[in-house]
Structure formats: structure tokens, C-alpha cells
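The file entry04.pdb comes next; it holds PDB, C-alpha atoms, pLDDT in the B column.
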```pdb
ATOM      1  CA  MET A   1     101.097-109.056  84.133  1.00 98.00           C
ATOM      2  CA  ILE A   2     102.216-108.888  87.748  1.00 98.00           C
ATOM      3  CA  ILE A   3     101.426-111.842  90.000  1.00 98.00           C
ATOM      4  CA  GLU A   4     101.628-111.413  93.771  1.00 98.00           C
ATOM      5  CA  TYR A   5     101.075-114.269  96.205  1.00 98.00           C
ATOM      6  CA  LEU A   6      99.126-113.149  99.258  1.00 97.00           C
ATOM      7  CA  GLY A   7      99.061-116.578 100.894  1.00 97.00           C
ATOM      8  CA  HIS A   8      96.870-119.699 100.964  1.00 97.00           C
ATOM      9  CA  SER A   9      95.011-119.625  97.586  1.00 98.00           C
ATOM     10  CA  CYS A  10      94.963-115.852  97.241  1.00 98.00           C
ATOM     11  CA  PHE A  11      96.752-114.063  94.417  1.00 98.00           C
ATOM     12  CA  LYS A  12      96.721-110.482  93.215  1.00 98.00           C
ATOM     13  CA  LEU A  13      96.924-110.275  89.419  1.00 98.00           C
ATOM     14  CA  THR A  14      97.539-106.858  87.876  1.00 98.00           C
ATOM     15  CA  ASN A  15      97.322-106.277  84.134  1.00 98.00           C
ATOM     16  CA  GLN A  16      99.141-103.730  82.012  1.00 96.00           C
ATOM     17  CA  ASN A  17      96.310-101.226  82.544  1.00 97.00           C
ATOM     18  CA  ASN A  18      96.616-101.569  86.345  1.00 97.00           C
ATOM     19  CA  ILE A  19      93.341-103.475  86.660  1.00 97.00           C
ATOM     20  CA  VAL A  20      93.576-105.691  89.754  1.00 98.00           C
ATOM     21  CA  PHE A  21      92.079-109.164  90.091  1.00 98.00           C
ATOM     22  CA  VAL A  22      92.160-111.014  93.422  1.00 98.00           C
ATOM     23  CA  THR A  23      91.470-114.725  93.855  1.00 98.00           C
ATOM     24  CA  ASP A  24      90.070-116.503  96.921  1.00 98.00           C
ATOM     25  CA  PRO A  25      90.594-114.010  99.778  1.00 98.00           C
ATOM     26  CA  TYR A  26      90.965-115.765 103.148  1.00 97.00           C
ATOM     27  CA  THR A  27      91.028-115.463 106.921  1.00 97.00           C
ATOM     28  CA  LYS A  28      91.843-117.626 109.985  1.00 96.00           C
ATOM     29  CA  VAL A  29      94.449-119.947 108.481  1.00 97.00           C
ATOM     30  CA  GLY A  30      97.062-119.164 111.130  1.00 95.00           C
ATOM     31  CA  TYR A  31      97.934-115.842 109.491  1.00 95.00           C
ATOM     32  CA  GLU A  32      95.937-113.093 107.795  1.00 96.00           C
ATOM     33  CA  MET A  33      96.113-111.653 104.303  1.00 95.00           C
ATOM     34  CA  PRO A  34      97.173-108.038 103.740  1.00 93.00           C
ATOM     35  CA  LYS A  35      94.352-105.548 103.258  1.00 91.00           C
ATOM     36  CA  ILE A  36      94.133-104.742  99.555  1.00 94.00           C
ATOM     37  CA  LYS A  37      92.006-103.073  96.898  1.00 97.00           C
ATOM     38  CA  ALA A  38      90.798-104.849  93.765  1.00 98.00           C
ATOM     39  CA  ASP A  39      88.640-104.249  90.721  1.00 98.00           C
ATOM     40  CA  ILE A  40      87.386-107.873  90.569  1.00 98.00           C
ATOM     41  CA  VAL A  41      87.412-110.688  93.115  1.00 98.00           C
ATOM     42  CA  THR A  42      86.850-114.345  92.214  1.00 98.00           C
ATOM     43  CA  CYS A  43      85.824-116.925  94.829  1.00 98.00           C
ATOM     44  CA  SER A  44      86.043-120.635  94.106  1.00 97.00           C
ATOM     45  CA  HIS A  45      83.561-121.464  96.878  1.00 95.00           C
ATOM     46  CA  GLY A  46      82.034-119.959  99.996  1.00 91.00           C
ATOM     47  CA  HIS A  47      84.336-121.249 102.743  1.00 91.00           C
ATOM     48  CA  PHE A  48      85.984-118.748 105.105  1.00 94.00           C
ATOM     49  CA  ASP A  49      89.444-119.388 103.689  1.00 94.00           C
ATOM     50  CA  HIS A  50      88.410-118.730 100.083  1.00 96.00           C
ATOM     51  CA  CYS A  51      85.678-116.090 100.172  1.00 97.00           C
ATOM     52  CA  TYR A  52      86.628-113.596 102.883  1.00 97.00           C
ATOM     53  CA  LEU A  53      85.264-110.531 101.132  1.00 96.00           C
ATOM     54  CA  ASP A  54      85.847-108.266 104.129  1.00 95.00           C
ATOM     55  CA  GLY A  55      89.553-108.664 103.418  1.00 95.00           C
ATOM     56  CA  VAL A  56      89.328-106.893 100.043  1.00 97.00           C
ATOM     57  CA  ASP A  57      88.134-103.402  99.160  1.00 97.00           C
ATOM     58  CA  CYS A  58      86.052-104.386  96.130  1.00 96.00           C
ATOM     59  CA  GLU A  59      82.388-104.450  95.167  1.00 89.00           C
ATOM     60  CA  ASP A  60      82.542-106.743  92.128  1.00 96.00           C
ATOM     61  CA  VAL A  61      82.693-110.455  92.938  1.00 97.00           C
ATOM     62  CA  ILE A  62      82.391-113.444  90.615  1.00 97.00           C
ATOM     63  CA  ARG A  63      81.590-116.795  92.221  1.00 94.00           C
ATOM     64  CA  THR A  64      79.268-118.505  89.762  1.00 94.00           C
ATOM     65  CA  VAL A  65      79.863-120.599  86.663  1.00 96.00           C
ATOM     66  CA  GLY A  66      79.789-118.745  83.357  1.00 97.00           C
ATOM     67  CA  GLU A  67      81.672-116.553  80.908  1.00 97.00           C
ATOM     68  CA  TYR A  68      82.325-112.918  81.760  1.00 97.00           C
ATOM     69  CA  THR A  69      84.101-109.970  80.185  1.00 97.00           C
ATOM     70  CA  VAL A  70      85.159-107.349  82.708  1.00 95.00           C
ATOM     71  CA  PHE A  71      87.576-104.490  82.054  1.00 93.00           C
ATOM     72  CA  GLU A  72      88.194-106.064  78.615  1.00 94.00           C
ATOM     73  CA  THR A  73      89.339-109.259  80.348  1.00 97.00           C
ATOM     74  CA  LYS A  74      87.653-112.585  79.633  1.00 97.00           C
ATOM     75  CA  ILE A  75      86.962-114.794  82.649  1.00 98.00           C
ATOM     76  CA  ILE A  76      85.624-118.325  82.294  1.00 98.00           C
ATOM     77  CA  SER A  77      84.485-120.317  85.322  1.00 98.00           C
ATOM     78  CA  LYS A  78      83.599-124.005  85.355  1.00 97.00           C
ATOM     79  CA  THR A  79      82.270-126.344  87.998  1.00 96.00           C
ATOM     80  CA  SER A  80      84.228-129.122  89.680  1.00 96.00           C
ATOM     81  CA  PHE A  81      84.101-130.949  93.012  1.00 91.00           C
ATOM     82  CA  HIS A  82      85.720-130.045  96.312  1.00 90.00           C
ATOM     83  CA  ASP A  83      86.223-133.721  97.183  1.00 86.00           C
ATOM     84  CA  PRO A  84      86.687-137.127  95.520  1.00 87.00           C
ATOM     85  CA  LYS A  85      83.046-138.130  96.146  1.00 82.00           C
ATOM     86  CA  GLN A  86      81.311-135.767  93.716  1.00 84.00           C
ATOM     87  CA  GLY A  87      80.807-133.012  96.259  1.00 79.00           C
ATOM     88  CA  THR A  88      79.047-135.101  98.900  1.00 79.00           C
ATOM     89  CA  LEU A  89      81.736-134.246 101.463  1.00 82.00           C
ATOM     90  CA  ARG A  90      82.534-130.586 100.810  1.00 82.00           C
ATOM     91  CA  GLY A  91      80.407-129.429  97.905  1.00 86.00           C
ATOM     92  CA  ILE A  92      81.184-127.662  94.649  1.00 93.00           C
ATOM     93  CA  ASN A  93      84.401-125.930  93.646  1.00 96.00           C
ATOM     94  CA  THR A  94      84.719-123.431  90.795  1.00 97.00           C
ATOM     95  CA  ILE A  95      87.711-123.336  88.467  1.00 98.00           C
ATOM     96  CA  PHE A  96      88.504-119.870  87.084  1.00 98.00           C
ATOM     97  CA  THR A  97      90.506-119.061  83.968  1.00 98.00           C
ATOM     98  CA  LEU A  98      91.430-115.413  83.476  1.00 98.00           C
ATOM     99  CA  ASN A  99      92.891-114.153  80.213  1.00 98.00           C
ATOM    100  CA  ILE A 100      95.205-111.316  81.190  1.00 98.00           C
ATOM    101  CA  ASP A 101      97.573-109.500  78.814  1.00 97.00           C
ATOM    102  CA  GLY A 102      97.319-112.320  76.291  1.00 96.00           C
ATOM    103  CA  MET A 103      98.099-115.034  78.862  1.00 98.00           C
ATOM    104  CA  SER A 104      95.681-117.506  80.440  1.00 98.00           C
ATOM    105  CA  VAL A 105      95.820-118.046  84.191  1.00 98.00           C
ATOM    106  CA  CYS A 106      93.898-121.017  85.611  1.00 98.00           C
ATOM    107  CA  HIS A 107      93.098-120.973  89.342  1.00 98.00           C
ATOM    108  CA  LEU A 108      91.940-124.422  90.462  1.00 98.00           C
ATOM    109  CA  GLY A 109      90.509-123.295  93.790  1.00 97.00           C
ATOM    110  CA  ASP A 110      89.957-126.159  96.240  1.00 96.00           C
ATOM    111  CA  LEU A 111      89.931-128.841  93.578  1.00 97.00           C
ATOM    112  CA  GLY A 112      89.425-132.220  95.251  1.00 96.00           C
ATOM    113  CA  GLU A 113      89.129-134.544  92.257  1.00 96.00           C
ATOM    114  CA  SER A 114      91.820-136.731  90.792  1.00 94.00           C
ATOM    115  CA  CYS A 115      92.985-135.961  87.272  1.00 96.00           C
ATOM    116  CA  SER A 116      90.498-137.087  84.612  1.00 95.00           C
ATOM    117  CA  GLN A 117      89.873-136.383  80.955  1.00 96.00           C
ATOM    118  CA  GLU A 118      86.722-134.462  81.836  1.00 94.00           C
ATOM    119  CA  LEU A 119      88.607-132.150  84.159  1.00 95.00           C
ATOM    120  CA  LEU A 120      91.489-131.733  81.756  1.00 97.00           C
ATOM    121  CA  GLU A 121      89.022-130.515  79.145  1.00 96.00           C
ATOM    122  CA  LYS A 122      87.688-127.953  81.622  1.00 95.00           C
ATOM    123  CA  ILE A 123      91.174-126.763  82.511  1.00 97.00           C
ATOM    124  CA  GLY A 124      92.334-126.605  78.892  1.00 96.00           C
ATOM    125  CA  HIS A 125      95.864-125.402  78.134  1.00 96.00           C
ATOM    126  CA  PRO A 126      96.593-122.452  80.425  1.00 98.00           C
ATOM    127  CA  ASP A 127      99.907-120.655  80.373  1.00 98.00           C
ATOM    128  CA  ILE A 128      99.914-120.403  84.160  1.00 98.00           C
ATOM    129  CA  LEU A 129      98.397-122.946  86.560  1.00 98.00           C
ATOM    130  CA  LEU A 130      97.678-121.990  90.187  1.00 98.00           C
ATOM    131  CA  LEU A 131      97.640-125.417  91.821  1.00 98.00           C
ATOM    132  CA  PRO A 132      96.573-126.653  95.287  1.00 98.00           C
ATOM    133  CA  ILE A 133      99.020-129.198  96.689  1.00 98.00           C
ATOM    134  CA  GLY A 134      98.301-129.582 100.420  1.00 97.00           C
ATOM    135  CA  GLY A 135      95.781-132.429 100.491  1.00 96.00           C
ATOM    136  CA  THR A 136      93.121-133.023 103.207  1.00 95.00           C
ATOM    137  CA  TYR A 137      90.625-130.604 101.619  1.00 94.00           C
ATOM    138  CA  THR A 138      92.106-130.620  98.101  1.00 97.00           C
ATOM    139  CA  ILE A 139      94.179-132.836  95.875  1.00 97.00           C
ATOM    140  CA  ASP A 140      97.434-133.879  97.516  1.00 97.00           C
ATOM    141  CA  ALA A 141     101.018-133.616  96.266  1.00 98.00           C
ATOM    142  CA  LYS A 142     100.905-136.799  94.186  1.00 98.00           C
ATOM    143  CA  GLN A 143      97.607-135.853  92.534  1.00 97.00           C
ATOM    144  CA  ALA A 144      98.882-132.333  91.920  1.00 98.00           C
ATOM    145  CA  LYS A 145     101.940-133.740  90.142  1.00 98.00           C
ATOM    146  CA  GLU A 146      99.591-135.704  87.867  1.00 98.00           C
ATOM    147  CA  TYR A 147      97.915-132.437  86.852  1.00 98.00           C
ATOM    148  CA  VAL A 148     101.276-130.838  86.114  1.00 98.00           C
ATOM    149  CA  ASP A 149     102.272-133.776  83.919  1.00 98.00           C
ATOM    150  CA  ALA A 150      98.959-133.794  82.068  1.00 98.00           C
ATOM    151  CA  VAL A 151      98.365-130.054  81.606  1.00 98.00           C
ATOM    152  CA  GLN A 152     101.986-129.013  80.956  1.00 97.00           C
ATOM    153  CA  PRO A 153     101.479-125.291  81.506  1.00 98.00           C
ATOM    154  CA  LYS A 154     104.370-122.904  81.057  1.00 97.00           C
ATOM    155  CA  ILE A 155     104.345-121.977  84.753  1.00 98.00           C
ATOM    156  CA  VAL A 156     103.007-123.784  87.817  1.00 98.00           C
ATOM    157  CA  ILE A 157     102.579-121.860  91.066  1.00 98.00           C
ATOM    158  CA  PRO A 158     101.753-124.039  94.108  1.00 98.00           C
ATOM    159  CA  MET A 159      99.143-122.854  96.609  1.00 98.00           C
ATOM    160  CA  HIS A 160      97.011-124.144  99.497  1.00 98.00           C
ATOM    161  CA  TYR A 161      99.807-125.726 101.530  1.00 98.00           C
ATOM    162  CA  ARG A 162     100.912-125.114 105.131  1.00 97.00           C
ATOM    163  CA  PRO A 163     103.726-122.626 105.741  1.00 95.00           C
ATOM    164  CA  LYS A 164     105.572-122.488 109.059  1.00 94.00           C
ATOM    165  CA  ASP A 165     102.959-120.192 110.597  1.00 95.00           C
ATOM    166  CA  GLY A 166      99.983-122.038 109.092  1.00 96.00           C
ATOM    167  CA  ALA A 167      97.271-123.570 111.275  1.00 95.00           C
ATOM    168  CA  LEU A 168      95.277-125.744 108.862  1.00 96.00           C
ATOM    169  CA  ASP A 169      95.757-129.519 108.800  1.00 96.00           C
ATOM    170  CA  ILE A 170      97.239-129.609 105.310  1.00 97.00           C
ATOM    171  CA  ALA A 171     100.689-130.638 104.121  1.00 98.00           C
ATOM    172  CA  THR A 172     103.686-128.390 103.517  1.00 97.00           C
ATOM    173  CA  GLU A 173     105.143-127.869 100.071  1.00 96.00           C
ATOM    174  CA  ALA A 174     107.981-130.342 100.673  1.00 96.00           C
ATOM    175  CA  GLU A 175     106.467-133.512  99.154  1.00 97.00           C
ATOM    176  CA  PHE A 176     105.218-131.757  96.035  1.00 97.00           C
ATOM    177  CA  LEU A 177     108.581-130.161  95.345  1.00 94.00           C
ATOM    178  CA  GLN A 178     110.295-133.511  95.853  1.00 95.00           C
ATOM    179  CA  LEU A 179     107.924-135.227  93.437  1.00 96.00           C
ATOM    180  CA  CYS A 180     108.480-132.490  90.868  1.00 95.00           C
ATOM    181  CA  LYS A 181     112.268-132.512  90.982  1.00 92.00           C
ATOM    182  CA  ASN A 182     112.325-133.350  87.254  1.00 94.00           C
ATOM    183  CA  TYR A 183     110.956-129.851  86.591  1.00 97.00           C
ATOM    184  CA  PRO A 184     113.013-126.691  87.063  1.00 97.00           C
ATOM    185  CA  VAL A 185     112.011-124.901  90.264  1.00 95.00           C
ATOM    186  CA  CYS A 186     112.457-121.189  90.882  1.00 94.00           C
ATOM    187  CA  VAL A 187     111.989-119.744  94.376  1.00 93.00           C
ATOM    188  CA  CYS A 188     110.575-116.228  94.535  1.00 94.00           C
ATOM    189  CA  SER A 189     111.264-114.926  98.028  1.00 91.00           C
ATOM    190  CA  GLU A 190     109.674-111.552  97.277  1.00 90.00           C
ATOM    191  CA  GLY A 191     106.277-113.082  96.500  1.00 94.00           C
ATOM    192  CA  LYS A 192     105.967-111.070  93.303  1.00 95.00           C
ATOM    193  CA  ILE A 193     106.788-111.784  89.666  1.00 97.00           C
ATOM    194  CA  GLU A 194     106.206-109.955  86.401  1.00 97.00           C
ATOM    195  CA  ILE A 195     105.532-111.989  83.256  1.00 96.00           C
ATOM    196  CA  GLN A 196     105.176-110.955  79.630  1.00 95.00           C
ATOM    197  CA  LYS A 197     103.616-113.144  76.959  1.00 94.00           C
ATOM    198  CA  GLN A 198     106.694-113.295  74.754  1.00 93.00           C
ATOM    199  CA  GLU A 199     108.745-114.729  77.624  1.00 92.00           C
ATOM    200  CA  LEU A 200     106.590-117.866  77.657  1.00 94.00           C
ATOM    201  CA  GLN A 201     106.582-118.738  73.963  1.00 88.00           C
ATOM    202  CA  ASP A 202     109.479-121.211  73.942  1.00 87.00           C
ATOM    203  CA  GLN A 203     109.416-122.113  77.617  1.00 91.00           C
ATOM    204  CA  ASN A 204     108.883-125.611  78.965  1.00 95.00           C
ATOM    205  CA  THR A 205     107.030-126.209  82.223  1.00 97.00           C
ATOM    206  CA  GLN A 206     108.658-124.713  85.289  1.00 97.00           C
ATOM    207  CA  ILE A 207     107.518-124.427  88.886  1.00 97.00           C
ATOM    208  CA  ILE A 208     107.695-121.089  90.662  1.00 97.00           C
ATOM    209  CA  PHE A 209     107.457-121.412  94.424  1.00 96.00           C
ATOM    210  CA  MET A 210     106.392-118.037  95.803  1.00 96.00           C
ATOM    211  CA  GLU A 211     106.769-117.013  99.418  1.00 94.00           C
ATOM    212  CA  ARG A 212     103.762-114.954 100.388  1.00 95.00           C
ATOM    213  CA  ILE A 213     103.657-111.197 100.764  1.00 93.00           C
ATOM    214  CA  LYS A 214     102.965-110.454 104.419  1.00 85.00           C
ATOM    215  CA  GLU A 215     101.140-107.606 106.101  1.00 71.00           C
ATOM    216  CA  LYS A 216     103.515-104.704 106.672  1.00 59.00           C
TER
END
```
Written as C-alpha cells, that's how I'd like the structure from this file.
Amino acid sequence: MIIEYLGHSCFKLTNQNNIVFVTDPYTKVGYEMPKIKADIVTCSHGHFDHCYLDGVDCEDVIRTVGEYTVFETKIISKTSFHDPKQGTLRGINTIFTLNIDGMSVCHLGDLGESCSQELLEKIGHPDILLLPIGGTYTIDAKQAKEYVDAVQPKIVIPMHYRPKDGALDIATEAEFLQLCKNYPVCVCSEGKIEIQKQELQDQNTQIIFMERIKEK
């Protein structure tokens, strides 16, 4: 599987058969995502910075709770809240788990709830956790660290934080990385990694900080 970080909460996931999945396409966050093609798009909720479908050349979109099999890939989506007050502030958020090339990738979207047993059961035991860390509209750095400690995935990739050219009132990655200094951190300046299932078998949790791929 190839994982490419396109910025904000948007990732491009490509399986060994070159099927492309894109998560939470965005616009107007201070920068714009590259124009891309996909076979499947998932949207955690309908806000402009998570469901900008004009930014992706794709007709198949999943944004509801359920279990799906597309291109021989199982996708499970479960409901959660976008805020700590059971959705009364910002509504519902959908958590997506995609099983790609024998590895499970959990995208938490704009999760706004603190870590709980109920949510941990929904998240399960993914190999790769795509985790919001910026606060304001999602869990903050401290809450995100609690999820890392509880879930213990093989790989954590932070998302939904403010880079230097970001315009949203969310935090940078600095506090989260400081809180997680007991975990090994790898910086991927190219914004692209390739992972095979066998590489994860004996691996303890590590954090991969990915700089986004920018429009050329």
C-alpha cells in the first residue's frame, strides 16, 4: 500500500492493484489540495474542509455508516461525534476503517470526543491510525495522545493540524509531537510512504509525521 498525504485530513491510499482511495478532500484551509483521480472517496462529514468533491475526479463516494466491499476492499464506517457534547455543537462524524492489502487503516475524521471504551470498540485494533491532533474542531494534542496510548496501532499519522501556510484556527503539530516523545517519530518530507504487511508484524507503535504533497 502507498500512502500519500495531501494535506489537512486528506490522504491518497493506493493498493497493490492500483485502486485509489481518497479520504476527506478539502478546500479553503489556507492552501488547496492537488487535483487527483480516485476510484473511491470517503467523507467523514459534509463540511467544506472534509467533503470537497469538486477536488477529486471520482463518482463513487461513501459518507454513510455501514459495511461496504468495493474493488475487493472492505470498508467499515461507524458513527461518532464531531464535538464533546454529543454532536450538539458540530454534528456527527464518521470513522472509516479500510482494509487494504491485508492492513487496516482507520481514519478518525473530525473526531471530537475524548477517548472512551465505546469509541475504542468502534476503532478496534487498526494497523494504521490517521489521527486529528489540532483541537478547536477536533480532539486536541493531549486527547490524541490518549488515543495513541489506548489503541497502540503499528503506525500513527497525524492530521488536521495547522502548517505554516494554514489559515484555520487549529494548533500546529508541535504539542502533539512533544507529548509523544516516548514514541519513535519518523519525518517523511516527501509526503509518501509505501508499507507492506510483513513490515508491521513485529513493530511497536511509531509516529510518522508526513509533510503534505503540494500542487505542482
(98.0, -117.4, 84.8) in this file's frame - what residues fall within 6 Å of it? Use only C-alpha atoms and give the answer as a list of chain:residue names.
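Nearby residues: A:Ser104, A:Val105, A:Cys106, A:Asp127, A:Ile128, A:Leu129.
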Which polymer residues have any atom within 8 Å of an atom of Gly112 (chain A), counting only C-alpha atoms, with same-chain residues fewer than 4 positions away left out, as a PyMOL selection string?
chain A and resi 81-84+137-139
Counting all atoms listed in the file, which residue out of A:Gln143, A:Thr14, A:Thr79, A:Thr88 sits closest to Asp101 (chain A)?
A:Thr14
Which neighbours of Phe21 (chain A) fall inside 7 Å, counting all atoms listed in the file, when residues of the same chain fewer than 6 positions from it are skipped, and could you give them as an NGL selection string?
:A and (12-14 or 38-41)
When the PyMOL selection byres ((chain A and resi 171) around 9) is applied to the file above, which residues end up in the set, as a ChimeraX atom specification?
/A:133-136,140-141,160-163,168-170,172-175
Selection above as a file: C-alpha atoms, as a tab-separated table (two decimals), keeping the file's coordinate frame:
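Contents of out-v1.tsv, as written:
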```
chain	number	residue	atom	x	y	z
A	133	ILE	CA	99.02	-129.20	96.69
A	134	GLY	CA	98.30	-129.58	100.42
A	135	GLY	CA	95.78	-132.43	100.49
A	136	THR	CA	93.12	-133.02	103.21
A	140	ASP	CA	97.43	-133.88	97.52
A	141	ALA	CA	101.02	-133.62	96.27
A	160	HIS	CA	97.01	-124.14	99.50
A	161	TYR	CA	99.81	-125.73	101.53
A	162	ARG	CA	100.91	-125.11	105.13
A	163	PRO	CA	103.73	-122.63	105.74
A	168	LEU	CA	95.28	-125.74	108.86
A	169	ASP	CA	95.76	-129.52	108.80
A	170	ILE	CA	97.24	-129.61	105.31
A	172	THR	CA	103.69	-128.39	103.52
A	173	GLU	CA	105.14	-127.87	100.07
A	174	ALA	CA	107.98	-130.34	100.67
A	175	GLU	CA	106.47	-133.51	99.15
```
Where is the centre and how long are the edges: axis-aligned box on region 191-210 of chain A, 6 Å on each side, Å to one decimal, as AutoDock Vina command-line options:
```
--center_x 106.5 --center_y -118.1 --center_z 85.2 --size_x 17.9 --size_y 28.3 --size_z 34.6
```
Can you tell me, as an mmCIF file with C-alpha atoms, in the coordinates of the input, what residues are no more than 8 Å from region 94-99 of chain A when counting only C-alpha atoms, ignoring any on the same chain fewer than 6 positions away?
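Result file part.cif:
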```cif
data_model
loop_
_atom_site.group_PDB
_atom_site.id
_atom_site.type_symbol
_atom_site.label_atom_id
_atom_site.label_comp_id
_atom_site.auth_asym_id
_atom_site.auth_seq_id
_atom_site.Cartn_x
_atom_site.Cartn_y
_atom_site.Cartn_z
ATOM 1 C CA THR A 42 86.850 -114.345 92.214
ATOM 2 C CA CYS A 43 85.824 -116.925 94.829
ATOM 3 C CA SER A 44 86.043 -120.635 94.106
ATOM 4 C CA HIS A 45 83.561 -121.464 96.878
ATOM 5 C CA ARG A 63 81.590 -116.795 92.221
ATOM 6 C CA THR A 64 79.268 -118.505 89.762
ATOM 7 C CA VAL A 65 79.863 -120.599 86.663
ATOM 8 C CA THR A 73 89.339 -109.259 80.348
ATOM 9 C CA LYS A 74 87.653 -112.585 79.633
ATOM 10 C CA ILE A 75 86.962 -114.794 82.649
ATOM 11 C CA ILE A 76 85.624 -118.325 82.294
ATOM 12 C CA SER A 77 84.485 -120.317 85.322
ATOM 13 C CA LYS A 78 83.599 -124.005 85.355
ATOM 14 C CA THR A 79 82.270 -126.344 87.998
ATOM 15 C CA SER A 80 84.228 -129.122 89.680
ATOM 16 C CA PHE A 81 84.101 -130.949 93.012
ATOM 17 C CA VAL A 105 95.820 -118.046 84.191
ATOM 18 C CA CYS A 106 93.898 -121.017 85.611
ATOM 19 C CA HIS A 107 93.098 -120.973 89.342
ATOM 20 C CA LEU A 108 91.940 -124.422 90.462
ATOM 21 C CA GLY A 109 90.509 -123.295 93.790
ATOM 22 C CA LEU A 111 89.931 -128.841 93.578
ATOM 23 C CA ILE A 123 91.174 -126.763 82.511
ATOM 24 C CA PRO A 126 96.593 -122.452 80.425
#
```
Compare A:Ala144, A:Lys37, A:Ile100, A:Lys214 by their minimum atom-to-atom distance to Glu113 (chain A), counting all atoms listed in the file, and give me the closest one.
A:Ala144
Using the chain letters and numbers from the file, give me the residues hit by the PyMOL selection byres ((chain A and resi 201-203) around 10), as an MDAnalysis selection string.
chainID A and resid 127 153:155 196:200 204:206
With all atoms listed in the file as the counted atoms, please give the residues lying no more than 8 Å from region 186-193 of chain A, apart from itself and same-chain residues fewer than 2 positions off, as a ChimeraX atom specification.
/A:2-6,184,195,206-213
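Note that the spacing between CA of Arg90 (chain A) and CA of Asp24 (chain A) amounts to 16.4 Å.
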Between CA of Ala167 (chain A) and CA of Lys28 (chain A), what is the distance in Å, rounded to a tenth?
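Computing the Euclidean distance for CA of Ala167 (chain A) and CA of Lys28 (chain A) yields 8.2 Å.
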